[in-house]
$ cat coords30.txt   # compact mmCIF, C-alpha atoms
# COMPACT_ATOMS: atom_id res chain seq x y z
CA MET L 1 -2.23 -19.80 24.94
CA PRO L 2 -3.32 -18.92 21.43
CA VAL L 3 -2.03 -15.49 20.57
CA ASP L 4 -2.82 -15.09 16.90
CA GLY L 5 -5.38 -12.31 17.01
CA ILE L 6 -8.95 -12.62 15.79
CA HIS L 7 -8.33 -9.55 13.61
CA ASP L 8 -6.00 -11.59 11.37
CA LEU L 9 -8.82 -12.59 9.03
CA GLY L 10 -7.14 -13.25 5.68
CA GLY L 11 -8.33 -16.57 4.29
CA MET L 12 -10.66 -17.44 7.17
CA GLN L 13 -13.70 -19.32 5.94
CA GLY L 14 -17.38 -19.31 6.81
CA PHE L 15 -18.27 -15.61 6.75
CA GLY L 16 -20.70 -15.58 3.81
CA ALA L 17 -21.64 -12.67 1.60
CA VAL L 18 -20.24 -9.15 1.74
CA ALA L 19 -22.93 -6.67 2.78
CA HIS L 20 -22.05 -4.28 0.00
CA SER L 21 -23.50 -0.78 -0.21
CA ALA L 22 -22.74 1.67 -2.99
CA ALA L 23 -22.51 4.66 -0.66
CA GLU L 24 -23.01 5.39 3.01
CA PRO L 25 -22.46 8.31 5.39
CA ALA L 26 -19.13 8.39 7.21
CA PHE L 27 -21.00 8.33 10.53
CA PRO L 28 -24.57 6.98 10.36
CA ASP L 29 -25.09 7.95 14.02
CA ARG L 30 -23.43 10.51 16.25
CA TRP L 31 -21.97 7.90 18.61
CA GLN L 32 -19.74 6.59 15.83
CA ALA L 33 -18.20 10.01 15.23
CA THR L 34 -17.82 10.38 18.99
CA ALA L 35 -16.09 7.01 19.29
CA ARG L 36 -13.66 8.01 16.57
CA ALA L 37 -13.01 11.37 18.19
CA LEU L 38 -12.45 9.77 21.61
CA MET L 39 -9.86 7.40 20.18
CA GLU L 40 -8.05 10.40 18.71
CA VAL L 41 -8.27 12.13 22.10
CA VAL L 42 -6.92 9.13 24.01
CA ALA L 43 -4.24 8.24 21.48
CA GLY L 44 -3.06 11.85 21.57
CA ALA L 45 -3.11 12.06 25.36
CA VAL L 46 -1.10 8.87 25.86
CA GLU L 47 1.04 9.37 22.74
CA ALA L 48 0.05 5.97 21.37
CA SER L 49 1.87 4.80 18.27
CA GLY L 50 -0.05 3.35 15.37
CA GLY L 51 0.96 -0.08 16.54
CA GLU L 52 -0.27 0.51 20.09
CA PHE L 53 -3.57 1.87 18.74
CA ARG L 54 -4.14 -1.16 16.51
CA HIS L 55 -3.09 -3.60 19.22
CA SER L 56 -5.61 -2.12 21.66
CA ILE L 57 -8.32 -3.35 19.26
CA GLU L 58 -6.65 -6.64 18.33
CA ARG L 59 -6.64 -7.66 22.00
CA MET L 60 -10.45 -7.62 22.13
CA ASP L 61 -12.19 -10.82 23.16
CA PRO L 62 -12.63 -12.71 19.87
CA GLY L 63 -16.36 -13.16 20.29
CA HIS L 64 -16.79 -9.46 21.03
CA TYR L 65 -14.61 -8.50 18.05
CA LEU L 66 -16.60 -10.54 15.56
CA THR L 67 -20.01 -9.46 16.84
CA SER L 68 -19.43 -5.74 17.21
CA SER L 69 -19.21 -2.96 14.69
CA TYR L 70 -16.10 -1.13 13.57
CA TYR L 71 -16.58 1.88 15.82
CA GLU L 72 -17.37 -0.32 18.80
CA HIS L 73 -13.86 -1.67 18.19
CA TRP L 74 -12.52 1.89 18.34
CA LEU L 75 -14.48 2.62 21.50
CA THR L 76 -13.20 -0.55 23.17
CA GLY L 77 -9.62 0.22 22.15
CA ALA L 78 -9.87 3.84 23.31
CA ALA L 79 -11.29 2.84 26.70
CA THR L 80 -8.66 0.13 27.09
CA LEU L 81 -5.81 2.57 26.43
CA ALA L 82 -7.41 5.15 28.73
CA VAL L 83 -7.53 2.61 31.58
CA GLU L 84 -4.06 1.20 30.91
CA HIS L 85 -2.53 4.67 30.92
CA GLY L 86 -4.40 5.79 34.04
CA LEU L 87 -6.71 8.39 32.48
CA VAL L 88 -9.82 6.66 33.87
CA THR L 89 -10.59 3.47 35.75
CA HIS L 90 -12.63 0.51 34.59
CA ALA L 91 -14.91 0.95 37.61
CA GLU L 92 -15.60 4.58 36.67
CA LEU L 93 -16.47 3.56 33.13
CA GLU L 94 -18.92 0.89 34.27
CA ALA L 95 -20.48 3.18 36.86
CA ARG L 96 -21.07 5.90 34.27
CA ALA L 97 -22.30 3.47 31.63
CA GLY L 98 -24.66 1.83 34.09
CA GLY L 99 -23.54 -1.64 33.10
CA ARG L 100 -20.73 -3.73 31.71
CA PHE L 101 -18.00 -1.99 29.78
CA PRO L 102 -15.92 -4.76 28.19
CA LEU L 103 -12.27 -3.88 27.60
CA SER L 104 -9.59 -5.61 25.57
CA GLY L 105 -7.39 -8.22 27.19
CA PRO L 106 -3.88 -7.47 28.44
CA ALA L 107 -0.93 -7.24 26.09
CA LEU L 108 0.91 -10.56 26.14
CA ALA L 109 4.27 -9.20 25.03
CA PRO L 110 6.45 -7.09 27.34
CA PRO L 111 7.96 -3.79 26.22
CA VAL L 112 10.95 -4.37 23.98
CA ALA L 113 14.08 -3.77 26.03
CA ASP L 114 16.64 -4.29 23.29
CA THR L 115 15.35 -3.37 19.86
CA GLY L 116 18.51 -4.28 18.04
CA PRO L 117 19.95 -1.98 15.40
CA ASP L 118 17.95 -0.22 12.73
CA VAL L 119 18.20 -1.69 9.26
CA GLY L 120 19.13 1.06 6.86
CA GLU L 121 19.88 -0.77 3.65
CA PRO L 122 17.30 -3.14 2.16
CA ARG L 123 18.47 -6.75 2.32
CA PHE L 124 16.37 -7.63 -0.71
CA GLY L 125 15.76 -6.16 -4.13
CA VAL L 126 13.01 -6.39 -6.72
CA GLY L 127 12.90 -9.90 -8.12
CA ASP L 128 14.45 -11.57 -5.07
CA ARG L 129 12.77 -14.69 -3.73
CA VAL L 130 11.98 -14.44 -0.03
CA ARG L 131 10.23 -16.59 2.57
CA VAL L 132 8.13 -15.22 5.41
CA ARG L 133 9.36 -16.33 8.82
CA ASP L 134 7.04 -18.92 10.33
CA TRP L 135 6.68 -17.38 13.74
CA HIS L 136 3.89 -16.48 16.09
CA PRO L 137 4.93 -13.42 18.07
CA PRO L 138 2.91 -12.98 21.27
CA GLY L 139 2.27 -9.30 20.72
CA HIS L 140 1.35 -7.04 17.85
CA THR L 141 2.58 -7.77 14.35
CA ARG L 142 1.67 -6.72 10.84
CA CYS L 143 2.66 -10.03 9.35
CA PRO L 144 -0.60 -11.70 8.30
CA GLY L 145 -0.87 -15.33 9.34
CA TYR L 146 -1.75 -16.55 5.87
CA VAL L 147 1.72 -15.78 4.47
CA ARG L 148 3.77 -17.27 7.31
CA GLY L 149 6.22 -19.82 5.95
CA LYS L 150 5.27 -18.96 2.35
CA ALA L 151 7.68 -17.99 -0.41
CA GLY L 152 7.15 -15.04 -2.68
CA THR L 153 8.91 -12.50 -4.88
CA VAL L 154 9.77 -8.91 -3.97
CA VAL L 155 8.00 -6.56 -6.41
CA ARG L 156 8.67 -3.23 -4.70
CA VAL L 157 11.07 -1.86 -2.09
CA ASP L 158 9.35 0.83 -0.04
CA GLY L 159 10.64 3.23 2.54
CA THR L 160 12.06 2.57 5.98
CA HIS L 161 9.43 2.52 8.70
CA SER L 162 9.06 1.88 12.43
CA VAL L 163 8.54 -1.82 13.13
CA PRO L 164 5.00 -2.29 14.50
CA ASP L 165 6.00 -5.27 16.64
CA VAL L 166 8.32 -2.96 18.59
CA GLU L 167 6.39 0.30 18.70
CA ALA L 168 3.18 -1.35 19.92
CA HIS L 169 4.76 -2.31 23.23
CA GLY L 170 6.50 0.77 24.55
CA PRO L 171 8.56 3.79 23.64
CA ALA L 172 11.33 1.86 21.87
CA ARG L 173 11.51 2.00 18.08
CA ARG L 174 13.36 0.11 15.37
CA TYR L 175 13.32 1.15 11.73
CA GLU L 176 13.52 -1.25 8.80
CA PRO L 177 12.82 -1.26 5.07
CA THR L 178 9.46 -2.59 3.92
CA TYR L 179 8.73 -4.58 0.79
CA SER L 180 5.75 -5.56 -1.28
CA VAL L 181 5.95 -9.32 -1.81
CA ARG L 182 3.97 -11.16 -4.47
CA PHE L 183 2.58 -14.61 -3.70
CA ASP L 184 0.91 -16.95 -6.16
CA ALA L 185 -2.51 -17.98 -4.87
CA ALA L 186 -1.62 -21.59 -5.67
CA GLY L 187 1.20 -21.36 -3.14
CA LEU L 188 -0.96 -19.81 -0.42
CA TRP L 189 -4.05 -22.00 -0.55
CA HIS L 190 -4.68 -25.63 -1.44
CA ASP L 191 -7.67 -24.30 -3.38
CA GLY L 192 -5.94 -21.18 -4.69
CA GLN L 193 -7.67 -19.67 -7.69
CA ARG L 194 -6.02 -19.62 -11.11
CA GLY L 195 -4.49 -16.42 -12.37
CA VAL L 196 -4.43 -14.78 -8.94
CA THR L 197 -1.52 -13.16 -7.14
CA VAL L 198 -1.71 -11.67 -3.64
CA HIS L 199 0.68 -8.90 -2.61
CA VAL L 200 1.52 -8.34 1.05
CA ASP L 201 3.62 -5.48 2.43
CA LEU L 202 6.16 -6.77 4.95
CA TRP L 203 8.92 -5.44 7.18
CA ASP L 204 12.48 -6.63 6.64
CA SER L 205 12.66 -8.76 9.79
CA TYR L 206 9.58 -10.75 8.74
CA LEU L 207 11.54 -12.17 5.83
CA GLU L 208 14.43 -14.51 5.13
CA PRO L 209 16.07 -15.45 1.83
CA ALA L 210 14.28 -18.26 -0.01
CA MET K 211 -36.74 17.60 25.95
CA SER K 212 -40.07 18.74 24.56
CA GLU K 213 -42.91 19.99 26.71
CA SER K 214 -45.25 17.32 25.40
CA GLY K 215 -43.53 14.81 27.63
CA HIS K 216 -41.93 12.66 24.95
CA HIS K 217 -38.75 11.05 26.08
CA PRO K 218 -35.84 10.55 23.72
CA ALA K 219 -35.19 6.98 22.66
CA PRO K 220 -33.23 5.16 25.35
CA LEU K 221 -29.54 4.85 24.62
CA SER K 222 -28.26 1.52 23.38
CA PRO K 223 -25.53 -0.18 25.44
CA VAL K 224 -22.78 1.00 23.10
CA GLU K 225 -24.13 4.55 23.17
CA ARG K 226 -24.08 4.47 26.97
CA ARG K 227 -20.47 3.35 26.89
CA VAL K 228 -19.51 6.08 24.44
CA ALA K 229 -21.27 8.66 26.62
CA ALA K 230 -19.47 7.35 29.72
CA LEU K 231 -16.02 7.62 28.18
CA GLU K 232 -16.83 11.01 26.66
CA ALA K 233 -18.03 12.35 30.03
CA LEU K 234 -15.00 11.11 31.97
CA LEU K 235 -12.49 12.41 29.43
CA THR K 236 -14.34 15.74 29.20
CA GLU K 237 -14.25 16.14 33.01
CA ARG K 238 -10.50 15.66 32.84
CA GLY K 239 -10.24 18.43 30.29
CA LEU K 240 -9.05 16.16 27.50
CA VAL K 241 -11.81 16.76 24.93
CA PRO K 242 -11.50 20.19 23.29
CA GLU K 243 -14.79 21.99 22.80
CA GLY K 244 -16.29 21.22 19.42
CA PHE K 245 -13.82 18.41 18.76
CA ILE K 246 -16.45 15.83 17.86
CA GLU K 247 -18.10 18.22 15.42
CA GLU K 248 -14.67 18.93 13.95
CA ILE K 249 -14.04 15.21 13.43
CA THR K 250 -17.40 14.83 11.73
CA ARG K 251 -16.78 17.77 9.43
CA ARG K 252 -13.26 16.65 8.56
CA TYR K 253 -14.24 13.14 7.53
CA GLU K 254 -17.57 13.91 5.94
CA SER K 255 -16.72 16.90 3.79
CA GLU K 256 -12.95 17.26 3.27
CA ILE K 257 -12.15 13.83 1.94
CA GLY K 258 -14.01 11.36 -0.24
CA PRO K 259 -14.04 9.48 -3.54
CA LEU K 260 -14.63 12.65 -5.55
CA ASN K 261 -10.95 13.43 -4.93
CA GLY K 262 -9.88 10.06 -6.31
CA ALA K 263 -12.16 10.51 -9.31
CA LYS K 264 -10.33 13.72 -10.20
CA VAL K 265 -7.00 11.90 -10.03
CA VAL K 266 -8.27 9.13 -12.30
CA ALA K 267 -9.81 11.53 -14.83
CA ARG K 268 -6.58 13.53 -15.01
CA ALA K 269 -4.63 10.34 -15.67
CA TRP K 270 -7.04 9.44 -18.48
CA VAL K 271 -6.59 12.75 -20.31
CA ASP K 272 -2.93 13.50 -19.57
CA PRO K 273 -0.40 10.76 -20.40
CA GLY K 274 2.40 12.62 -18.64
CA TYR K 275 0.35 12.82 -15.47
CA LYS K 276 -0.53 9.15 -15.70
CA GLU K 277 3.14 8.25 -15.95
CA ARG K 278 3.94 10.34 -12.88
CA LEU K 279 0.97 8.83 -11.03
CA LEU K 280 2.14 5.29 -11.66
CA THR K 281 5.76 6.17 -10.81
CA ASP K 282 5.21 8.25 -7.66
CA GLY K 283 1.56 8.18 -6.62
CA THR K 284 2.02 10.36 -3.55
CA ALA K 285 3.62 13.23 -5.48
CA ALA K 286 1.22 13.06 -8.42
CA ILE K 287 -1.82 13.04 -6.13
CA ALA K 288 -0.35 16.01 -4.28
CA GLU K 289 -0.24 17.90 -7.60
CA LEU K 290 -4.05 17.98 -7.39
CA GLY K 291 -3.92 19.15 -3.79
CA PHE K 292 -4.71 15.87 -2.05
CA GLY K 293 -2.69 14.30 0.74
CA GLY K 294 -2.51 13.78 4.45
CA PRO K 295 -3.03 10.93 6.91
CA GLU K 296 -3.30 7.50 5.27
CA GLY K 297 -2.12 9.05 2.03
CA ASP K 298 1.56 9.65 2.74
CA HIS K 299 2.79 6.61 0.79
CA MET K 300 0.51 6.09 -2.20
CA VAL K 301 0.92 3.42 -4.84
CA VAL K 302 -1.42 3.49 -7.83
CA VAL K 303 -2.02 0.19 -9.65
CA GLU K 304 -3.32 0.22 -13.20
CA ASN K 305 -6.06 -1.97 -14.62
CA THR K 306 -5.60 -3.13 -18.21
CA PRO K 307 -7.56 -5.53 -20.40
CA ALA K 308 -5.35 -8.34 -19.06
CA VAL K 309 -4.91 -7.30 -15.41
CA HIS K 310 -7.41 -6.40 -12.70
CA ASN K 311 -6.29 -4.97 -9.35
CA VAL K 312 -8.22 -4.94 -6.07
CA ILE K 313 -7.30 -3.61 -2.63
CA VAL K 314 -8.01 -5.01 0.83
CA CYS K 315 -6.72 -4.78 4.39
CA THR K 316 -6.96 -8.20 6.01
CA LEU K 317 -5.61 -7.01 9.39
CA CYS K 318 -7.75 -3.90 9.96
CA SER K 319 -9.12 -1.26 7.62
CA CYS K 320 -6.23 0.53 5.88
CA TYR K 321 -7.55 2.65 3.04
CA PRO K 322 -6.37 5.76 1.16
CA TRP K 323 -8.36 8.42 3.02
CA PRO K 324 -7.30 11.54 1.06
CA VAL K 325 -8.54 10.13 -2.26
CA LEU K 326 -11.36 7.79 -1.19
CA GLY K 327 -12.54 9.07 2.20
CA LEU K 328 -13.18 6.71 5.09
CA PRO K 329 -13.74 3.08 4.11
CA PRO K 330 -17.28 1.73 3.77
CA SER K 331 -18.53 -0.71 6.40
CA TRP K 332 -18.29 -3.75 4.16
CA TYR K 333 -14.58 -3.06 3.52
CA LYS K 334 -13.95 -3.21 7.29
CA ASP K 335 -16.15 -6.22 8.04
CA PRO K 336 -14.86 -9.82 8.22
CA PRO K 337 -16.34 -11.30 5.00
CA TYR K 338 -14.48 -8.96 2.64
CA ARG K 339 -11.20 -9.10 4.60
CA ALA K 340 -11.30 -12.89 4.92
CA ARG K 341 -12.36 -13.77 1.39
CA MET K 342 -10.66 -11.29 -0.95
CA VAL K 343 -7.22 -12.83 -0.50
CA ARG K 344 -8.48 -16.41 -0.83
CA GLU K 345 -11.21 -16.42 -3.48
CA PRO K 346 -11.11 -13.04 -5.23
CA ARG K 347 -12.55 -14.38 -8.48
CA THR K 348 -15.60 -15.72 -6.68
CA LEU K 349 -16.03 -12.70 -4.45
CA LEU K 350 -15.67 -10.19 -7.28
CA ALA K 351 -18.30 -12.05 -9.28
CA GLU K 352 -20.60 -12.06 -6.25
CA MET K 353 -20.12 -8.32 -5.90
CA GLY K 354 -21.13 -7.73 -9.51
CA CYS K 355 -17.68 -7.76 -11.10
CA PRO K 356 -17.30 -11.07 -12.94
CA LEU K 357 -13.97 -11.34 -14.79
CA PRO K 358 -13.01 -13.56 -17.70
CA GLY K 359 -10.81 -16.46 -16.65
CA ASP K 360 -7.85 -15.13 -18.60
CA VAL K 361 -7.79 -11.81 -16.73
CA GLU K 362 -5.09 -11.87 -14.06
CA ILE K 363 -6.25 -10.70 -10.65
CA ARG K 364 -3.75 -8.87 -8.45
CA VAL K 365 -4.85 -8.48 -4.85
CA TRP K 366 -3.04 -5.86 -2.73
CA ASP K 367 -3.17 -6.37 1.06
CA SER K 368 -2.40 -3.01 2.71
CA SER K 369 -0.43 -4.51 5.59
CA ALA K 370 2.31 -1.88 6.04
CA GLU K 371 2.53 1.84 5.28
CA VAL K 372 1.60 1.97 1.59
CA ARG K 373 -2.00 2.74 0.66
CA TYR K 374 -3.28 1.71 -2.76
CA LEU K 375 -5.53 3.25 -5.37
CA VAL K 376 -6.73 1.37 -8.43
CA LEU K 377 -6.58 3.24 -11.73
CA PRO K 378 -9.57 1.85 -13.64
CA GLN K 379 -9.64 1.54 -17.42
CA ARG K 380 -11.19 4.43 -19.26
CA PRO K 381 -14.58 3.29 -20.57
CA ALA K 382 -15.08 2.99 -24.32
CA GLY K 383 -17.08 5.71 -26.04
CA THR K 384 -15.80 8.56 -23.88
CA ALA K 385 -13.43 10.16 -26.38
CA GLY K 386 -15.34 13.43 -26.54
CA MET K 387 -15.83 13.92 -22.83
CA THR K 388 -14.20 16.63 -20.75
CA GLU K 389 -12.03 15.85 -17.74
CA ALA K 390 -14.85 16.91 -15.41
CA GLU K 391 -17.34 14.71 -17.24
CA LEU K 392 -14.94 11.79 -17.04
CA ALA K 393 -14.50 12.31 -13.30
CA GLY K 394 -18.25 11.92 -12.98
CA LEU K 395 -17.99 8.38 -14.35
CA VAL K 396 -15.47 7.20 -11.77
CA THR K 397 -16.98 5.30 -8.85
CA ARG K 398 -15.53 4.57 -5.42
CA ASP K 399 -15.85 0.84 -6.13
CA SER K 400 -13.85 1.09 -9.35
CA MET K 401 -10.97 2.67 -7.40
CA ILE K 402 -11.09 -0.12 -4.76
CA GLY K 403 -11.23 -2.63 -7.59
CA VAL K 404 -14.56 -4.30 -6.84
CA ALA K 405 -16.12 -2.85 -10.00
CA ARG K 406 -15.10 -2.11 -13.59
CA LEU K 407 -16.39 0.90 -15.46
$ encode --input "coords30.txt" --output "structure tokens"
Amino acid sequence: MPVDGIHDLGGMQGFGAVAHSAAEPAFPDRWQATARALMEVVAGAVEASGGEFRHSIERMDPGHYLTSSYYEHWLTGAATLAVEHGLVTHAELEARAGGRFPLSGPALAPPVADTGPDVGEPRFGVGDRVRVRDWHPPGHTRCPGYVRGKAGTVVRVDGTHSVPDVEAHGPARRYEPTYSVRFDAAGLWHDGQRGVTVHVDLWDSYLEPA
Amino acid sequence: MSESGHHPAPLSPVERRVAALEALLTERGLVPEGFIEEITRRYESEIGPLNGAKVVARAWVDPGYKERLLTDGTAAIAELGFGGPEGDHMVVVENTPAVHNVIVCTLCSCYPWPVLGLPPSWYKDPPYRARMVREPRTLLAEMGCPLPGDVEIRVWDSSAEVRYLVLPQRPAGTAGMTEAELAGLVTRDSMIGVARL
């Protein structure tokens, strides 16, 4: 089963022009503000971590994700979490909506039973060469697909933060240092543009020495 | 509803779904009264790119502040009273004649809310997220920001906890301007890095 989420868009081709606007209201219509507020309500009620919140959107059907607006993503994620945590039922939602109410698919990774120890001290320093582990975890991750297996250079060591891959799937937490890693575009893409570097912020366990 | 018999426009499918979830959560006592209005007020009037413009203008007129901003963005931004969610770990990246910085979030929509407000739609939509890490030179030119070939482009993908702000170059011919006048020159796009001033 393919598990790399549709949200992981970096480098994907075929999307065309950016629909740029110089300025826009935060909420063009009231329903968008409501969708945002309802996600905050649900996330608060079920004590969802940032990882669980993001994963509730990433699990959307790919076709639905790509053809719906940002706040429809939030609505779908909020409703999914509300059903999964027993606040409402899918049948109630569809009855009230008077039609289909698509939810996100199930999480494919179980809760993490053994998180392993926290990582207090950074394994890498500025200037170190590192390689991103070439893995495809079945659940949530903040390791973008386009850097998997690629080598880069640490340019910044940031603070220690909860690992999203763990916190998205239950109450367990593991804390690790994070790093900003610089990649040359020529090493990321066969058609990488000249004079371009791409920096990606990565948790310690995503990396190995290069 | 008015007495003349006009009916409001029928709700779209997504509006019906929002109304359904809102009703069910409200019946369970989970939606505090006025919460949706509070959300609207918070994100429409408390945060926005005017905050970031003040940070940039201060950095342009005060070398000591600029140094602090580039060393510890979170603390320097807090000096001007800005901070909060999505602004707890700020890194400010400086444009120079030789280097251009641009920010993106390929995985979702991470963005420095306290200084720029909520992200615009195009920042959250697939074309920008997909293309900025792969063909930034082409995309920047398309968006009205063509760069000479010898200018290095640094793309910053906000994939962990840090949120980025671009410090644009101070435009030429602004030597006599006040800090407030300078802030008026600073655009949202220049602080994302899809425009130069």
$ residues_around --input "coords30.txt" --residues "region 108-115 of chain L" --least-positions-apart "2" --cutoff "9 Å" --atoms "all atoms listed in the file" --output "list in words"
Val3, Gly105, Pro106, Pro117, Asp118, Pro137, Pro138, Gly139, His140, Asp165, Val166, Glu167, Ala168, His169, Gly170, Pro171, Ala172, Arg173 and Arg174 of chain L
$ residues_near_point --input "coords30.txt" --point "(-2.2, -18.2, 9.8)" --cutoff "10 Å" --atoms "all atoms listed in the file" --output "list in words"
Asp4, Gly5, Asp8, Leu9, Gly10, Gly11, Met12, Asp134, Trp135, His136, Cys143, Pro144, Gly145, Tyr146, Val147, Arg148 and Gly149 of chain L
$ write_last_selection --input "coords30.txt" --atoms "C-alpha atoms" --output "compact mmCIF listing (two decimals), keeping the file's coordinate frame"
# COMPACT_ATOMS: atom_id res chain seq x y z
CA ASP L 4 -2.82 -15.09 16.90
CA GLY L 5 -5.38 -12.31 17.01
CA ASP L 8 -6.00 -11.59 11.37
CA LEU L 9 -8.82 -12.59 9.03
CA GLY L 10 -7.14 -13.25 5.68
CA GLY L 11 -8.33 -16.57 4.29
CA MET L 12 -10.66 -17.44 7.17
CA ASP L 134 7.04 -18.92 10.33
CA TRP L 135 6.68 -17.38 13.74
CA HIS L 136 3.89 -16.48 16.09
CA CYS L 143 2.66 -10.03 9.35
CA PRO L 144 -0.60 -11.70 8.30
CA GLY L 145 -0.87 -15.33 9.34
CA TYR L 146 -1.75 -16.55 5.87
CA VAL L 147 1.72 -15.78 4.47
CA ARG L 148 3.77 -17.27 7.31
CA GLY L 149 6.22 -19.82 5.95
$ residues_around --input "coords30.txt" --residues "region 81-86 of chain L" --least-positions-apart "6" --cutoff "10 Å" --atoms "all atoms listed in the file" --output "JSON, numbers by chain"
{"L": [38, 39, 41, 42, 43, 45, 46, 48, 52, 53, 55, 56, 57, 75, 92, 93, 103, 104, 106], "K": [231, 235]}
$ atom_distance --input "coords30.txt" --atom1 "CA of Thr160 (chain L)" --atom2 "CA of Val119 (chain L)"
8.2 Å
$ closest_atom_pairs --input "coords30.txt" --of "chain K" --to "chain L" --cutoff "8 Å" --atoms "only C-alpha atoms" --output "tab-separated table"
residue	atom	partner	partner_atom	distance
K:Pro223	CA	L:Ala97	CA	7.9
K:Val224	CA	L:Glu72	CA	7.0
K:Glu225	CA	L:Trp31	CA	6.1
K:Arg226	CA	L:Ala97	CA	5.1
K:Arg227	CA	L:Ala97	CA	5.1
K:Val228	CA	L:Ala35	CA	6.3
K:Ala229	CA	L:Ala97	CA	7.3
K:Ala230	CA	L:Arg96	CA	5.0
K:Leu231	CA	L:Leu93	CA	6.4
K:Glu232	CA	L:Leu38	CA	6.8
K:Leu234	CA	L:Val88	CA	7.1
K:Leu235	CA	L:Leu87	CA	7.7
K:Leu240	CA	L:Val41	CA	6.8
K:Val241	CA	L:Val41	CA	6.5
K:Phe245	CA	L:Ala37	CA	7.1
K:Ile246	CA	L:Ala37	CA	5.6
K:Ile249	CA	L:Ala37	CA	6.2
K:Thr250	CA	L:Ala33	CA	6.0
K:Tyr253	CA	L:Ala26	CA	6.8
K:Glu254	CA	L:Ala26	CA	5.9
K:Thr316	CA	L:Gly10	CA	5.1
K:Leu317	CA	L:Asp8	CA	5.0
K:Cys318	CA	L:His7	CA	6.8
K:Leu328	CA	L:Ala26	CA	6.5
K:Pro330	CA	L:Glu24	CA	6.8
K:Ser331	CA	L:Tyr70	CA	7.6
K:Trp332	CA	L:His20	CA	5.6
K:Lys334	CA	L:Tyr70	CA	7.0
K:Asp335	CA	L:Tyr70	CA	7.5
K:Pro336	CA	L:Leu9	CA	6.7
K:Pro337	CA	L:Phe15	CA	5.0
K:Tyr338	CA	L:Val18	CA	5.8
K:Arg339	CA	L:Gly10	CA	5.9
K:Ala340	CA	L:Gly10	CA	4.2
K:Arg341	CA	L:Gly11	CA	5.7
K:Met342	CA	L:Gly10	CA	7.8
K:Val343	CA	L:Gly11	CA	6.2
K:Arg344	CA	L:Gly11	CA	5.1
K:Glu345	CA	L:Gln193	CA	6.4
K:Pro346	CA	L:Val196	CA	7.8
K:Arg347	CA	L:Gln193	CA	7.2
K:Glu352	CA	L:Ala17	CA	7.9
K:Met353	CA	L:His20	CA	7.4
K:Gly359	CA	L:Gly195	CA	7.6
K:Asp360	CA	L:Gly195	CA	7.2
K:Val361	CA	L:Gly195	CA	7.2
K:Glu362	CA	L:Gly195	CA	4.9
K:Ile363	CA	L:Val196	CA	4.8
K:Arg364	CA	L:Thr197	CA	5.0
K:Val365	CA	L:Val198	CA	4.6
K:Trp366	CA	L:His199	CA	4.8
K:Asp367	CA	L:Val200	CA	5.1
K:Ser368	CA	L:Asp201	CA	6.5
K:Ser369	CA	L:Asp201	CA	5.2
K:Ala370	CA	L:Asp201	CA	5.3
K:Glu371	CA	L:His161	CA	7.7
K:Val372	CA	L:Asp201	CA	7.8
K:Asp399	CA	L:Ala22	CA	7.6
$ axis_aligned_box --input "coords30.txt" --around "region 144-149 of chain L" --padding-each-side "8 Å" --output "AutoDock Vina command-line options"
--center_x 2.2 --center_y -15.8 --center_z 6.9 --size_x 24.0 --size_y 24.1 --size_z 20.9
$ residues_near_point --input "coords30.txt" --point "(-1.3, 11.4, 8.9)" --cutoff "12 Å" --atoms "only C-alpha atoms" --output "list in words"
Glu40, Ser49 and Gly50 of chain L; Gly293, Gly294, Pro295, Glu296, Gly297, Asp298, His299, Pro322, Trp323, Pro324, Glu371 and Arg373 of chain K
$ write_last_selection --input "coords30.txt" --atoms "C-alpha atoms" --output "mmCIF file, in the coordinates of the input"
data_model
loop_
_atom_site.group_PDB
_atom_site.id
_atom_site.type_symbol
_atom_site.label_atom_id
_atom_site.label_comp_id
_atom_site.auth_asym_id
_atom_site.auth_seq_id
_atom_site.Cartn_x
_atom_site.Cartn_y
_atom_site.Cartn_z
ATOM 1 C CA GLU L 40 -8.050 10.400 18.710
ATOM 2 C CA SER L 49 1.870 4.800 18.270
ATOM 3 C CA GLY L 50 -0.050 3.350 15.370
ATOM 4 C CA GLY K 293 -2.690 14.300 0.740
ATOM 5 C CA GLY K 294 -2.510 13.780 4.450
ATOM 6 C CA PRO K 295 -3.030 10.930 6.910
ATOM 7 C CA GLU K 296 -3.300 7.500 5.270
ATOM 8 C CA GLY K 297 -2.120 9.050 2.030
ATOM 9 C CA ASP K 298 1.560 9.650 2.740
ATOM 10 C CA HIS K 299 2.790 6.610 0.790
ATOM 11 C CA PRO K 322 -6.370 5.760 1.160
ATOM 12 C CA TRP K 323 -8.360 8.420 3.020
ATOM 13 C CA PRO K 324 -7.300 11.540 1.060
ATOM 14 C CA GLU K 371 2.530 1.840 5.280
ATOM 15 C CA ARG K 373 -2.000 2.740 0.660
#
$ closest_residue --input "coords30.txt" --among "K:Gly383, K:Gly327, K:Ser400, K:Gly394" --to "Ile257 (chain K)" --atoms "only C-alpha atoms"
K:Gly327
$ closest_residue --input "coords30.txt" --among "K:Asp282, K:Glu391, K:Glu247, K:Glu256" --to "Val325 (chain K)" --atoms "all atoms listed in the file"
K:Glu256
$ decode --input "coords30.txt" --residues "region 275-284 of chain K" --atoms "C-alpha atoms" --output "compact mmCIF listing (two decimals), in the first residue's frame"
# COMPACT_ATOMS: atom_id res chain seq x y z
CA TYR K 275 18.86 45.66 16.21
CA LYS K 276 19.65 44.06 12.88
CA GLU K 277 22.49 42.11 14.44
CA ARG K 278 20.22 40.88 17.23
CA LEU K 279 17.52 40.02 14.69
CA LEU K 280 19.86 37.87 12.64
CA THR K 281 21.33 36.23 15.76
CA ASP K 282 18.13 35.53 17.71
CA GLY K 283 15.07 36.35 15.63
CA THR K 284 12.55 35.33 18.27
